[in-house]
$ cat run10.cif   # mmCIF, C-alpha atoms, pLDDT in the B column; chains and numbers go by the auth columns
data_query
#
loop_
_atom_site.group_PDB
_atom_site.id
_atom_site.type_symbol
_atom_site.label_atom_id
_atom_site.label_comp_id
_atom_site.label_asym_id
_atom_site.label_seq_id
_atom_site.Cartn_x
_atom_site.Cartn_y
_atom_site.Cartn_z
_atom_site.B_iso_or_equiv
_atom_site.auth_seq_id
_atom_site.auth_asym_id
ATOM 1 C CA MET A 1 9.091 -10.328 10.601 75.00 176 A
ATOM 2 C CA LEU A 2 9.799 -13.901 9.607 85.00 177 A
ATOM 3 C CA LEU A 3 8.052 -14.995 6.423 90.00 178 A
ATOM 4 C CA ASP A 4 7.567 -18.606 7.527 93.00 179 A
ATOM 5 C CA GLU A 5 5.736 -17.439 10.656 92.00 180 A
ATOM 6 C CA MET A 6 3.721 -14.896 8.689 92.00 181 A
ATOM 7 C CA CYS A 7 2.649 -17.502 6.148 95.00 182 A
ATOM 8 C CA ALA A 8 1.688 -19.921 8.904 95.00 183 A
ATOM 9 C CA LYS A 9 -0.684 -17.267 10.301 95.00 184 A
ATOM 10 C CA LYS A 10 -1.952 -15.879 6.987 95.00 185 A
ATOM 11 C CA PRO A 11 -1.281 -18.400 4.210 95.00 186 A
ATOM 12 C CA GLY A 12 -2.670 -16.426 1.261 96.00 187 A
ATOM 13 C CA PHE A 13 -1.728 -12.966 0.054 97.00 188 A
ATOM 14 C CA SER A 14 -1.274 -10.121 2.522 96.00 189 A
ATOM 15 C CA PHE A 15 -0.403 -6.453 2.665 94.00 190 A
ATOM 16 C CA VAL A 16 1.973 -4.966 5.211 92.00 191 A
ATOM 17 C CA THR A 17 0.820 -1.364 5.350 90.00 192 A
ATOM 18 C CA PRO A 18 2.167 1.884 6.785 86.00 193 A
ATOM 19 C CA SER A 19 1.216 3.187 10.193 84.00 194 A
ATOM 20 C CA TRP A 20 -0.825 6.112 8.832 84.00 195 A
ATOM 21 C CA ARG A 21 -4.334 5.969 7.427 85.00 196 A
ATOM 22 C CA LEU A 22 -5.674 7.359 4.154 85.00 197 A
ATOM 23 C CA LYS A 23 -8.750 9.535 4.266 82.00 198 A
ATOM 24 C CA HIS A 24 -11.437 9.832 1.581 77.00 199 A
ATOM 25 C CA ARG A 25 -9.613 8.144 -1.306 77.00 200 A
ATOM 26 C CA SER A 26 -9.364 4.421 -0.803 87.00 201 A
ATOM 27 C CA PHE A 27 -11.700 1.831 -2.251 92.00 202 A
ATOM 28 C CA LEU A 28 -10.063 -1.311 -0.858 92.00 203 A
ATOM 29 C CA HIS A 29 -8.495 -0.221 2.429 92.00 204 A
ATOM 30 C CA ASP A 30 -7.775 2.877 4.469 91.00 205 A
ATOM 31 C CA ARG A 31 -3.996 2.389 4.339 90.00 206 A
ATOM 32 C CA ASP A 32 -1.453 2.648 1.531 86.00 207 A
ATOM 33 C CA LEU A 33 -1.220 -0.731 -0.189 88.00 208 A
ATOM 34 C CA ASP A 34 2.053 -0.140 -2.055 84.00 209 A
ATOM 35 C CA PHE A 35 4.552 -0.792 0.717 85.00 210 A
ATOM 36 C CA MET A 36 4.914 -4.558 1.103 90.00 211 A
ATOM 37 C CA HIS A 37 3.151 -7.574 -0.359 93.00 212 A
ATOM 38 C CA VAL A 38 3.528 -11.124 0.938 95.00 213 A
ATOM 39 C CA LEU A 39 2.453 -13.992 -1.327 97.00 214 A
ATOM 40 C CA CYS A 40 2.721 -17.202 0.653 96.00 215 A
ATOM 41 C CA PRO A 41 1.648 -19.788 -1.936 94.00 216 A
ATOM 42 C CA GLY A 42 4.580 -19.311 -4.318 93.00 217 A
ATOM 43 C CA THR A 43 2.928 -21.629 -6.808 95.00 218 A
ATOM 44 C CA GLU A 44 0.289 -18.904 -7.259 96.00 219 A
ATOM 45 C CA LEU A 45 2.789 -16.361 -8.587 97.00 220 A
ATOM 46 C CA PRO A 46 1.051 -16.306 -12.023 97.00 221 A
ATOM 47 C CA ALA A 47 -2.225 -15.214 -10.360 97.00 222 A
ATOM 48 C CA TYR A 48 -0.404 -12.467 -8.432 97.00 223 A
ATOM 49 C CA GLU A 49 1.315 -11.317 -11.637 97.00 224 A
ATOM 50 C CA GLU A 50 -2.055 -11.205 -13.400 96.00 225 A
ATOM 51 C CA ALA A 51 -3.614 -9.221 -10.539 95.00 226 A
ATOM 52 C CA MET A 52 -0.680 -6.793 -10.522 95.00 227 A
ATOM 53 C CA ARG A 53 -0.836 -6.104 -14.283 94.00 228 A
ATOM 54 C CA THR A 54 -3.644 -3.625 -13.742 90.00 229 A
ATOM 55 C CA PRO A 55 -4.269 -3.543 -9.979 90.00 230 A
ATOM 56 C CA LEU A 56 -6.462 -0.444 -10.031 89.00 231 A
ATOM 57 C CA ASP A 57 -8.875 -1.699 -12.694 92.00 232 A
ATOM 58 C CA GLN A 58 -12.573 -2.244 -12.216 91.00 233 A
ATOM 59 C CA CYS A 59 -14.022 -5.765 -12.271 92.00 234 A
ATOM 60 C CA PRO A 60 -14.298 -7.023 -15.847 86.00 235 A
ATOM 61 C CA HIS A 61 -16.861 -9.794 -15.294 82.00 236 A
ATOM 62 C CA GLY A 62 -19.508 -11.070 -12.939 83.00 237 A
ATOM 63 C CA PRO A 63 -20.523 -9.581 -9.631 90.00 238 A
ATOM 64 C CA PRO A 64 -17.788 -7.873 -7.619 92.00 239 A
ATOM 65 C CA PRO A 65 -16.071 -9.938 -4.956 94.00 240 A
ATOM 66 C CA PRO A 66 -16.843 -9.015 -1.366 94.00 241 A
ATOM 67 C CA LEU A 67 -14.503 -6.645 0.424 93.00 242 A
ATOM 68 C CA PRO A 68 -11.930 -8.888 2.145 94.00 243 A
ATOM 69 C CA PRO A 69 -12.485 -9.305 5.914 94.00 244 A
ATOM 70 C CA GLY A 70 -10.850 -6.595 8.006 93.00 245 A
ATOM 71 C CA PHE A 71 -10.478 -4.144 5.119 93.00 246 A
ATOM 72 C CA ILE A 72 -11.911 -0.645 5.525 91.00 247 A
ATOM 73 C CA SER A 73 -13.221 1.004 2.364 92.00 248 A
ATOM 74 C CA ARG A 74 -13.486 4.803 2.442 89.00 249 A
ATOM 75 C CA LYS A 75 -15.335 4.821 -0.880 89.00 250 A
ATOM 76 C CA SER A 76 -18.116 2.665 -2.230 87.00 251 A
ATOM 77 C CA TRP A 77 -16.737 -0.858 -2.797 92.00 252 A
ATOM 78 C CA GLY A 78 -18.250 -2.534 -5.843 91.00 253 A
ATOM 79 C CA ARG A 79 -17.764 -3.477 -9.487 91.00 254 A
ATOM 80 C CA ASN A 80 -16.436 -0.029 -10.450 92.00 255 A
ATOM 81 C CA ALA A 81 -14.030 0.315 -7.526 93.00 256 A
ATOM 82 C CA ALA A 82 -10.276 0.553 -7.935 92.00 257 A
ATOM 83 C CA PHE A 83 -8.651 -2.760 -6.942 94.00 258 A
ATOM 84 C CA CYS A 84 -11.823 -4.708 -7.779 95.00 259 A
ATOM 85 C CA GLN A 85 -10.070 -6.671 -10.538 95.00 260 A
ATOM 86 C CA PHE A 86 -7.072 -7.268 -8.259 95.00 261 A
ATOM 87 C CA VAL A 87 -9.333 -8.815 -5.603 96.00 262 A
ATOM 88 C CA GLN A 88 -11.345 -10.706 -8.218 95.00 263 A
ATOM 89 C CA VAL A 89 -8.254 -12.338 -9.786 95.00 264 A
ATOM 90 C CA LEU A 90 -6.942 -13.497 -6.402 96.00 265 A
ATOM 91 C CA ASN A 91 -10.402 -14.691 -5.305 95.00 266 A
ATOM 92 C CA ASP A 92 -10.817 -16.626 -8.566 94.00 267 A
ATOM 93 C CA SER A 93 -7.544 -18.388 -7.701 96.00 268 A
ATOM 94 C CA ASN A 94 -8.760 -19.136 -4.144 96.00 269 A
ATOM 95 C CA ILE A 95 -6.101 -16.906 -2.601 97.00 270 A
ATOM 96 C CA VAL A 96 -7.257 -15.368 0.683 97.00 271 A
ATOM 97 C CA ILE A 97 -6.438 -11.652 0.991 97.00 272 A
ATOM 98 C CA SER A 98 -5.524 -10.139 4.344 96.00 273 A
ATOM 99 C CA HIS A 99 -3.419 -7.442 5.988 95.00 274 A
ATOM 100 C CA TRP A 100 -1.194 -7.147 9.058 92.00 275 A
ATOM 101 C CA ASP A 101 -2.509 -3.866 10.474 90.00 276 A
ATOM 102 C CA ASP A 102 -3.159 -5.466 13.849 88.00 277 A
ATOM 103 C CA LEU A 103 0.423 -6.789 14.250 89.00 278 A
ATOM 104 C CA TYR A 104 2.825 -5.011 11.883 82.00 279 A
ATOM 105 C CA THR A 105 2.989 -1.679 10.122 84.00 280 A
ATOM 106 C CA ILE A 106 5.759 -0.058 8.132 80.00 281 A
ATOM 107 C CA ASP A 107 7.082 3.418 8.752 77.00 282 A
ATOM 108 C CA TRP A 108 9.835 5.616 7.370 69.00 283 A
ATOM 109 C CA THR A 109 13.117 5.217 9.195 67.00 284 A
ATOM 110 C CA THR A 110 15.302 8.097 10.225 63.00 285 A
ATOM 111 C CA LEU A 111 18.550 7.506 8.386 58.00 286 A
ATOM 112 C CA PHE A 112 20.379 10.478 9.844 56.00 287 A
ATOM 113 C CA PRO A 113 18.991 11.323 13.266 59.00 288 A
ATOM 114 C CA ASP A 114 19.799 14.723 14.729 57.00 289 A
ATOM 115 C CA ILE A 115 23.065 14.536 16.602 51.00 290 A
#
$ encode --input "run10.cif" --output "structure tokens"
Amino acid sequence: MLLDEMCAKKPGFSFVTPSWRLKHRSFLHDRDLDFMHVLCPGTELPAYEEAMRTPLDQCPHGPPPPLPPGFISRKSWGRNAAFCQFVQVLNDSNIVISHWDDLYTIDWTTLFPDI
């Protein structure tokens, strides 16, 4: 994974997620969102920091933002959903949110394979 190439393809904010899927407990996406974040517009670091202060919070104002394209919600996405404020803060800053599920996933490595 080369960041320059990644940012050329997806210039906003993106998640690199694990290979396994979550069942029944995800509002924003059906994969774990804690593994790797890529913020391409470095000048937007303050918006990312604001979104990350309370990433699981509900939306504090206005209608909820739409679920980002390609994301799979296993629960009802809306104003009261976890990650709603996270998405709202990035949307308010015109930062496109995406993921790399179709090209890259992260998995645990075997540090000490059986010999």
$ residues_near_point --input "run10.cif" --point "(-16.1, -9.7, -7.4)" --cutoff "7 Å" --atoms "only C-alpha atoms" --output "list in words"
Cys234, Gly237, Pro238, Pro239, Pro240, Pro241, Arg254, Cys259 and Gln263 of chain A
$ atom_distance --input "run10.cif" --atom1 "CA of Leu203 (chain A)" --atom2 "CA of Ala257 (chain A)"
7.3 Å
$ resolve_selection --input "run10.cif" --expression "the PyMOL selection byres ((chain A and resi 258) around 7)" --output "list of chain:residue names"
A:Leu203, A:Pro230, A:Leu231, A:Asp232, A:Gln233, A:Ala256, A:Ala257, A:Cys259, A:Gln260, A:Phe261, A:Val262
$ closest_residue --input "run10.cif" --among "A:Gly245, A:Pro221, A:Ser273, A:Met227" --to "Gly187 (chain A)" --atoms "only C-alpha atoms"
A:Ser273
$ resolve_selection --input "run10.cif" --expression "the PyMOL selection byres ((chain A and resi 278-283) around 9)" --output "PyMOL selection string"
chain A and resi 176+191-195+210-211+274-277+284-286
$ atom_distance --input "run10.cif" --atom1 "CA of Gly253 (chain A)" --atom2 "CA of Asn266 (chain A)"
14.5 Å
$ closest_residue --input "run10.cif" --among "A:Ser189, A:Thr229, A:Asn255, A:Ser201" --to "Pro216 (chain A)" --atoms "all atoms listed in the file"
A:Ser189
$ atom_distance --input "run10.cif" --atom1 "CA of Ala183 (chain A)" --atom2 "CA of Leu208 (chain A)"
21.4 Å
$ closest_residue --input "run10.cif" --among "A:Arg228, A:His236, A:Lys185, A:Lys198" --to "Val213 (chain A)" --atoms "all atoms listed in the file"
A:Lys185
$ closest_residue --input "run10.cif" --among "A:Leu242, A:Phe190, A:Asp267, A:Ile272" --to "Asp209 (chain A)" --atoms "all atoms listed in the file"
A:Phe190
$ residues_around --input "run10.cif" --residues "Leu220 (chain A)" --least-positions-apart "5" --cutoff "12 Å" --atoms "only C-alpha atoms" --output "VMD selection string"
chain A and resid 187 to 188 213 to 215 225 to 227 264 to 265 268 270
$ axis_aligned_box --input "run10.cif" --around "region 198-215 of chain A" --padding-each-side "3 Å" --output "JSON"
{"center_x": -3.4, "center_y": -3.7, "center_z": 1.1, "size_x": 22.6, "size_y": 33.0, "size_z": 12.7}
$ resolve_selection --input "run10.cif" --expression "the PyMOL selection byres ((chain A and resi 248) around 9)" --output "list in words"
Arg200, Ser201, Phe202, Leu203, His204, Asp205, Leu242, Phe246, Ile247, Arg249, Lys250, Ser251 and Trp252 of chain A
$ decode --input "run10.cif" --residues "chain A" --atoms "C-alpha atoms" --output "CSV table (one decimal), in the first residue's frame"
chain,number,residue,atom,x,y,z
A,176,MET,CA,0.0,0.0,0.0
A,177,LEU,CA,1.5,3.3,-1.1
A,178,LEU,CA,-0.3,6.3,0.4
A,179,ASP,CA,0.3,8.6,-2.6
A,180,GLU,CA,-1.5,6.0,-4.8
A,181,MET,CA,-4.2,5.5,-2.3
A,182,CYS,CA,-4.9,9.2,-2.0
A,183,ALA,CA,-4.9,9.6,-5.8
A,184,LYS,CA,-7.7,7.0,-5.9
A,185,LYS,CA,-9.6,8.1,-2.8
A,186,PRO,CA,-8.6,11.6,-1.9
A,187,GLY,CA,-10.7,12.1,1.2
A,188,PHE,CA,-10.8,10.0,4.4
A,189,SER,CA,-10.8,6.2,4.1
A,190,PHE,CA,-10.9,3.1,6.3
A,191,VAL,CA,-8.7,0.0,5.7
A,192,THR,CA,-10.7,-2.7,7.4
A,193,PRO,CA,-10.1,-6.3,8.4
A,194,SER,CA,-11.0,-9.3,6.2
A,195,TRP,CA,-13.8,-10.4,8.5
A,196,ARG,CA,-17.3,-9.0,8.7
A,197,LEU,CA,-19.3,-7.9,11.8
A,198,LYS,CA,-22.7,-9.3,12.2
A,199,HIS,CA,-25.7,-7.5,13.9
A,200,ARG,CA,-23.8,-4.7,15.7
A,201,SER,CA,-22.6,-2.1,13.2
A,202,PHE,CA,-24.3,1.1,12.3
A,203,LEU,CA,-21.8,2.5,9.8
A,204,HIS,CA,-20.3,-0.5,8.2
A,205,ASP,CA,-20.1,-4.3,8.5
A,206,ARG,CA,-16.4,-4.4,9.2
A,207,ASP,CA,-14.3,-3.2,12.1
A,208,LEU,CA,-13.4,0.4,11.6
A,209,ASP,CA,-10.6,0.6,14.2
A,210,PHE,CA,-7.7,-0.9,12.2
A,211,MET,CA,-6.4,1.8,9.8
A,212,HIS,CA,-7.5,5.3,8.9
A,213,VAL,CA,-6.1,7.2,5.9
A,214,LEU,CA,-6.7,11.0,5.8
A,215,CYS,CA,-5.4,12.3,2.5
A,216,PRO,CA,-6.1,16.0,2.8
A,217,GLY,CA,-3.6,16.7,5.7
A,218,THR,CA,-4.9,20.2,5.9
A,219,GLU,CA,-8.1,18.7,7.2
A,220,LEU,CA,-6.5,17.2,10.3
A,221,PRO,CA,-8.5,19.5,12.7
A,222,ALA,CA,-11.8,18.1,11.2
A,223,TYR,CA,-10.5,14.5,11.7
A,224,GLU,CA,-9.5,15.3,15.3
A,225,GLU,CA,-12.9,16.7,15.9
A,226,ALA,CA,-14.6,13.7,14.5
A,227,MET,CA,-12.4,11.4,16.5
A,228,ARG,CA,-13.1,13.1,19.8
A,229,THR,CA,-16.4,11.2,20.2
A,230,PRO,CA,-16.6,9.0,17.1
A,231,LEU,CA,-19.5,6.9,18.4
A,232,ASP,CA,-21.8,9.8,19.2
A,233,GLN,CA,-25.1,10.5,17.7
A,234,CYS,CA,-25.7,13.5,15.4
A,235,PRO,CA,-26.0,16.7,17.5
A,236,HIS,CA,-27.7,18.9,14.9
A,237,GLY,CA,-29.7,18.8,11.7
A,238,PRO,CA,-30.7,15.8,9.7
A,239,PRO,CA,-28.3,12.8,9.7
A,240,PRO,CA,-25.9,12.6,6.8
A,241,PRO,CA,-26.5,9.8,4.3
A,242,LEU,CA,-24.7,6.6,4.8
A,243,PRO,CA,-21.5,6.9,2.7
A,244,PRO,CA,-21.5,5.0,-0.6
A,245,GLY,CA,-20.4,1.4,-0.4
A,246,PHE,CA,-20.9,1.2,3.4
A,247,ILE,CA,-23.1,-1.6,4.7
A,248,SER,CA,-25.1,-0.8,7.9
A,249,ARG,CA,-26.3,-3.8,9.9
A,250,LYS,CA,-28.4,-1.5,12.1
A,251,SER,CA,-30.7,1.4,11.3
A,252,TRP,CA,-28.6,4.3,10.1
A,253,GLY,CA,-29.9,7.6,11.2
A,254,ARG,CA,-29.6,10.5,13.7
A,255,ASN,CA,-29.2,8.2,16.7
A,256,ALA,CA,-26.7,5.8,15.1
A,257,ALA,CA,-23.2,5.4,16.4
A,258,PHE,CA,-20.7,7.1,14.1
A,259,CYS,CA,-23.4,9.6,13.0
A,260,GLN,CA,-21.5,12.6,14.4
A,261,PHE,CA,-18.2,11.3,13.0
A,262,VAL,CA,-19.7,11.2,9.5
A,263,GLN,CA,-21.5,14.5,10.0
A,264,VAL,CA,-18.2,16.3,11.0
A,265,LEU,CA,-16.4,15.0,8.0
A,266,ASN,CA,-19.3,15.8,5.7
A,267,ASP,CA,-19.5,19.3,7.0
A,268,SER,CA,-15.8,19.7,6.1
A,269,ASN,CA,-16.5,18.3,2.6
A,270,ILE,CA,-14.3,15.3,3.2
A,271,VAL,CA,-15.5,12.2,1.3
A,272,ILE,CA,-15.6,9.0,3.3
A,273,SER,CA,-14.8,5.7,1.7
A,274,HIS,CA,-13.2,2.3,2.4
A,275,TRP,CA,-10.9,-0.1,0.7
A,276,ASP,CA,-12.8,-3.4,1.1
A,277,ASP,CA,-12.7,-4.1,-2.6
A,278,LEU,CA,-8.9,-3.8,-2.8
A,279,TYR,CA,-7.2,-4.1,0.6
A,280,THR,CA,-8.1,-5.6,3.9
A,281,ILE,CA,-6.0,-6.1,7.0
A,282,ASP,CA,-5.5,-9.4,8.8
A,283,TRP,CA,-3.6,-10.7,11.8
A,284,THR,CA,-0.1,-11.9,10.9
A,285,THR,CA,1.4,-15.1,12.2
A,286,LEU,CA,4.5,-14.0,14.0
A,287,PHE,CA,5.6,-17.4,15.0
A,288,PRO,CA,4.4,-20.0,12.4
A,289,ASP,CA,4.5,-23.6,13.4
A,290,ILE,CA,7.9,-25.1,12.6
